[in-house]
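*Asks:* For reference, the structure I am asking about is given below.
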Amino acid sequence: MAPQVFDIDADELGIFLDEVNEHLQALESGILALEETTDPDTVNRVFRAAHTIKALAGTVGHHKMQELTHTMETIFDAMREEKLVSTPEISDQLLATLDYLQLFRDEIANQEMSDTDISEQLAGLRAILSGDSSPPTQAAPSNGNAHPVAIALDDALKARAKAMQADGYSLFVAVATTAPGSFAPAARLTQAAIAVMDVGEVLYQQPSMDDLANTKHDHKIELLVATKEGASAIEKMLADVMDLASYNVAPFVLETTTPKPEKPALPKKTKAKPKTGGGHGVDLSAEKTVRISVERLDSLMNLVGELVTDRNRLLQIESSLLAIYGKADVVNDLTEMNGHLGRVVDQLQEEVMRARMLPIGSTFAKMPRLVRDVSRAAGKQVNLIIEGEDTKLDRSLIEFIGDPLIHLLRNAVDHGMETPEERERLGKNPTGTVMLTASHEEGHIVITVKDDGPGIDPEKVKNAAVKRGLISEDEAAQMDDEEAVDLIFRPNLSTAAKVTDISGRGVGMDVVRSNIERLSGSVVVESKLGEGTTFRITLPLTLAIVQTMLVSMHNITYAIPLSTIIESLYLSDVTISNVKGNPVIHWRDSVLPLIDLRDFFTHPRMNGNHRGDNSRPAIVTVAWGKQRVGLVVDKIIGKQDIVVKSLNPIMGELPGISGGTILGDGSIALIIDIPGLIGAAMQARKQGVTV
Amino acid sequence: MTKILVVDDAKFMRVRLTKLLSGHGYEVVEAENGEEAVQVYKAERPAAVLMDITMPQKTGIEALTEIRGFDPQAKVIMLTALGQESMVVQAVQAGARDYVVKPFDPDRVMLALKKALG
C-alpha cells in the first residue's frame, strides 16, 4: 500500500466522510440562513460545524483545511458576539471557502494532497475580520521578567497569614509560568492554582480566577500558599500540571512585604458560569440507531431477493403437488406454510426496503445554495420553497436524482425566471418563487419543480424544433400545445445553439429525462404561458424488487412493471383499425396505438397470425409520461414480484429490455423497458416500419 | 477493566479515542452529547471521562458541572480545540482535571488520563 498522506485508515474513512459531509451541509445551510437572520441558534450551529470540521481535519492532518475552518470559526465567533453581521459579500467568501473544504475533503478521501493555494482565500476571510473591530483571539504577549516575587498583602490578609502561621502552617510563594506557545495557558495557570489547593490553602493569587477566566495573565501565576506540608508537596502538585515552563516554590516571609492597597484578593473559588452553547430542548429520547454500511444493506436486499424467488418457487411446487395429490393433508400443510412464509417474506422485504430509504432532505439541502448562486449570478430574485424533505426513497435513487434536480432548478432560475424589473412590469412579485416538493403518491415518489416564471411558449418550441429538423412543419401544425412543450425533452433541441429565446428550457432536458428514465422514473412538464412551469418527476419506491405483470409470447415470459400498466383487455373484445398503416384501437374516447410484442421482439410468426393453442391474446395498456400504447401479448400470466437482475453486459444494449429475473420455476423472464420500447417503436413508425 | 467514558459529538473523534484507549487496555463507553454523557455517567460510573467542550444539546462544561454535582470525585478531562481558552479555564474552574487540545497527540491523552486516574 502507498504511504498514507493523511492519517486515516480505510475503516475510519466512511465515518469521517459522513461526519464532514454532515457538517459541511450544516455550514452551507447555516451560511445561507445567516443572510436573513442573526438568530443565535443559527450562528451557534455554523460555529459548531466549523469547529468540528477543524478538529476532524486537524486529526487526520489536513492543515489547510484546518486553517480555513479555524478562520471561519473566528468569523462565526465574531458574529456570535455580535461584533459582525453577515452580508451577501461575507456569505460569498464563506461559501467560496466551503468549496475549498469540499475539495480538501475529497483529497482526504483519495489520500491525495494537491498544491491548492489557500492564501488568497485566507486573506479574504481575514479581510472580513479586519473590517470589524475584533481581532482574532490572541494570547497577550508574554512578558518575560515582569513581576518580581514580591507579594503585596493588605492588612486583613496579613493578619490572616499571621494567624495561620501561628496555627502551624508554613507560608510559601509558588510561581509558575507556562511554556511559550502552549495552548490555553490561562487554563494551565488555573490548573496550577487548583492543584496547589489540594495541599494547602491559597491565601492570595495573582492573576485572580476571574482574570484567568477572562484570559488576563502574563503567562505566569503567583500564589501565596499556607500549608502544613513542605515545599516539596507543592512542587509535586505543580509538576503534574502539563505545559508549565517553570515552577518555583519559596518560603514566604511576612515581614519583608510592604502593604500596598493593590488589589489583594482572597482566593475565592469562582463558580463557573457555564455558558449555554445553544441547541437546547432537543428530544433526547431519540431512537437508538446503529450505522450500517451500504454494502451490507445491499447484500441484505439481495438475500431478500433470493428469498422472494424461492418463495415463488415454493408456490409453484405447491400447485404441482396439488395437481398430483389433490388436497392431501401434506399439501394443505404446505399451502398453509407457504401462506405464512409469503407474509413473512413480504414483511421482511418491506423492512429491508425501509432500511434502505433515506429522506430526500440531504439532496434538497444542496439546492438553496444553488438557487442563491445562480440567481445572484443571473441577476434574478428567487425565493426557493422546499417541501417534503422528509420524504424517503431508496438510497440508490437518492444518489442519482440530485443531478437532474440541479439541472431543473438551474434552468428554472437562470432561464425560466424573469428579471425583477420585468416581473414588476408584468405585475408580478419582483421576487420569483421556485417550489421544490417531494411526496409519496400511490407507491411512487413524486418530486415537482414548479416556478412562477414566464412559462414555455409552445410556438417557440415548435419553431426551434422545425428549425433543427426534429419535426416537419406538418407535424408542428398538428401538435397541440402539450405535445409542443414536451418537445423540450428531445435531444438536439438545444445542444448546438443557445435557445434561451424559448425560455431556455431546452438546455439538456433530454439528459434530464433519460437520467430519470434510467431510474425507472418519468418526468412530464406542464406549462402555462405567463404563469409558470411545473416539472413532475415520478419515481418508483425501490429498484431492487419490482411488482410486475408476467405475460408470455411464444412461451417466453416477459415482465411488465406494474407501475407502467393502466389496464389490460382481451384482444377479442376490441376492434383493431388502422391509422397510416399502423394498428390502433379506439378505447375510452381516444386512439390507442398498438405494439405487437411479437413484431417488436421479432418472434417468427408461426402460421401467420396463429398464436398457439393455449394463448388468449391480450392488450396491456401501458403509459409513459403522457404517451399511452397497447402492447399485444399472447397471454397474461399474472402478477408477480420479481427481483431485478441486470443482464450480462456481453449482451450489449437490448432495445426494449431493461433486465432479467429468475422465476419460481427456475426459468428466466425478461423485464420490458417500457420507455425504451415505446421510444423505439414510435421512432420505427416514423420511419415507416410497421411494428 | 478500567472504564472510560468518551464524549464527543463527532463520531470520528469517538472512534479515534476508542481505538487509542482500548489499545491501552481500557474499556470504553461513548456518549455523543453532554446530556447523554450525564446519563451514561450515571449508569456506567466510569473511572474517568474524556469530554469535548463544544457539543450540541448540552456543552461539555454543562455536563461537567452536572456530573461533578452528583459525583464530586468525577475525573473529567476536557477535549478542546484551539481558540477556546476561556472555555477551558471555565472547565478547569468547574472541576475538569485536565484538558487536551485537539487534534490531540495520543501520548498527551494517555498522560492526562494516567495523571487523572492517579
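Each chain in the C-alpha cells gets a letter, A, B, ..., in the order shown, and its residues are numbered from 1; ligands are numbered from 1 in order too.
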Just need the residues of chain B within 10 Å of chain A, counting only C-alpha atoms, so spit them out as an MDAnalysis selection string.
*Replies:* chainID B and resid 8:13 15:16 33 35:36 53:65 80:105 108 111:112 115:116
*Asks:* Quick check for you: according to DSSP on this backbone, which residues of chain B are classed as strand (DSSP E)? Reply as a list in words.
*Replies:* Lys3, Ile4, Leu5, Val6, Val7, Glu27, Val28, Val29, Glu30, Ala31, Ala48, Val49, Leu50, Met51, Asp52, Val76, Ile77, Met78, Leu79, Thr80, Ala81, Asp98, Tyr99, Val100, Val101 and Lys102 of chain B
*Asks:* Within 9 Å of Ala484 (chain A), counting only C-alpha atoms, which residues show up once you throw out same-chain ones fewer than 5 positions away? Write them as a PyMOL selection string, please.
*Replies:* chain A and resi 457-459+461-462+476+479
*Asks:* Once you have the residues from the selection above, write them out as a tab-separated table (two decimals), in the first residue's frame, restricted to C-alpha atoms.
*Replies:*
```tsv
chain	number	residue	atom	x	y	z
A	457	ASP	CA	-44.15	29.18	-25.31
A	458	PRO	CA	-45.27	26.16	-27.39
A	459	GLU	CA	-44.93	28.11	-30.63
A	461	VAL	CA	-40.51	25.40	-29.09
A	462	LYS	CA	-42.16	24.21	-32.29
A	476	ALA	CA	-45.69	21.02	-35.96
A	479	MET	CA	-49.24	19.29	-32.46
```
*Asks:* Enumerate the residues of chain B with a DSSP assignment of alpha helix (DSSP H), computed from the backbone, and present them as a count of residues only.
*Replies:* 56
*Asks:* What's the 8 Å shell around Leu50 (chain B), counting only C-alpha atoms, without same-chain residues fewer than 5 positions away, as a VMD selection string?
*Replies:* chain B and resid 4 to 7 76 to 79
*Asks:* If you keep N, CA, C and O atoms, can you produce a file of those selected residues as a PDB file, in the first residue's frame?
*Replies:*
```pdb
ATOM      1  N   ILE B   4     -13.648   3.940  30.710  1.00  0.00           N
ATOM      2  CA  ILE B   4     -13.505   5.364  30.376  1.00  0.00           C
ATOM      3  C   ILE B   4     -14.697   5.784  29.515  1.00  0.00           C
ATOM      4  O   ILE B   4     -15.088   5.074  28.597  1.00  0.00           O
ATOM      5  N   LEU B   5     -15.255   6.938  29.851  1.00  0.00           N
ATOM      6  CA  LEU B   5     -16.357   7.478  29.042  1.00  0.00           C
ATOM      7  C   LEU B   5     -15.799   8.516  28.060  1.00  0.00           C
ATOM      8  O   LEU B   5     -15.108   9.450  28.468  1.00  0.00           O
ATOM      9  N   VAL B   6     -16.079   8.292  26.791  1.00  0.00           N
ATOM     10  CA  VAL B   6     -15.629   9.221  25.757  1.00  0.00           C
ATOM     11  C   VAL B   6     -16.839   9.995  25.234  1.00  0.00           C
ATOM     12  O   VAL B   6     -17.816   9.393  24.800  1.00  0.00           O
ATOM     13  N   VAL B   7     -16.772  11.301  25.307  1.00  0.00           N
ATOM     14  CA  VAL B   7     -17.913  12.126  24.879  1.00  0.00           C
ATOM     15  C   VAL B   7     -17.462  13.091  23.785  1.00  0.00           C
ATOM     16  O   VAL B   7     -16.597  13.931  24.005  1.00  0.00           O
ATOM     17  N   VAL B  76     -12.726  14.263  35.087  1.00  0.00           N
ATOM     18  CA  VAL B  76     -13.112  14.644  33.724  1.00  0.00           C
ATOM     19  C   VAL B  76     -11.969  15.394  33.045  1.00  0.00           C
ATOM     20  O   VAL B  76     -11.421  16.335  33.610  1.00  0.00           O
ATOM     21  N   ILE B  77     -11.620  14.923  31.887  1.00  0.00           N
ATOM     22  CA  ILE B  77     -10.594  15.592  31.089  1.00  0.00           C
ATOM     23  C   ILE B  77     -11.283  16.182  29.872  1.00  0.00           C
ATOM     24  O   ILE B  77     -12.029  15.486  29.182  1.00  0.00           O
ATOM     25  N   MET B  78     -11.056  17.464  29.623  1.00  0.00           N
ATOM     26  CA  MET B  78     -11.744  18.092  28.510  1.00  0.00           C
ATOM     27  C   MET B  78     -10.920  17.959  27.230  1.00  0.00           C
ATOM     28  O   MET B  78      -9.698  18.036  27.250  1.00  0.00           O
ATOM     29  N   LEU B  79     -11.664  17.762  26.167  1.00  0.00           N
ATOM     30  CA  LEU B  79     -11.031  17.777  24.842  1.00  0.00           C
ATOM     31  C   LEU B  79     -11.415  19.113  24.235  1.00  0.00           C
ATOM     32  O   LEU B  79     -12.576  19.487  24.250  1.00  0.00           O
TER      33      LEU B  79
END
```
